[in-house]
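Data block below; observations after.
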Amino acid sequence: MGGATAAHQHHPVQDPPVHHLDAIVRNAAVFHRRWGWWPMTGWLEQFRAAGLAGYDAATRTWSVTGPPAAAARSTAS
């Protein structure tokens, strides 16, 4: 695509992206069921450290354990 123009609008970011907590945990589980390994482990571990997600070794699953993403968004720094 020679000469194609691309633009990106600036927006604030969070690391980890707490405002996407529910979607990330849900999508990671879908990926894990399909491929057998967990993606985004860096973010999942950051969510665990913040008390927002947890890993159950017995069931080998991640889940949201903290406030819903909407509430976490307002408390994240």
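Residue numbering restarts at 1 for every chain of the structure tokens, chains are lettered A, B, ... in their displayed order, and ligands are numbered from 1 as they appear.
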**OP:** Give me the residues within 9 Å of Gly42 of chain A as a PyMOL selection string, counting only C-alpha atoms and dropping any in the same chain fewer than 4 places off.
**Re:** chain A and resi 16+46-47
Subject >> Test item, helix (DSSP H, G or I) assignment across segment 20-70 of chain A, answer as a ChimeraX atom specification >> reply: /A:20-35,41-49,69-70
Original post:
Using only C-alpha atoms, which of A:Gln14, A:Asn27, A:Thr5, A:Thr61 sits nearest Met40 of chain A?
Top reply: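 Closest residue, counting only C-alpha atoms: A:Asn27.
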Subject >> DSSP-assigned strand (DSSP E or B) members of chain A, reported as JSON, numbers by chain >> reply: {"A": [53, 54, 55, 56, 61, 62, 63, 64]}
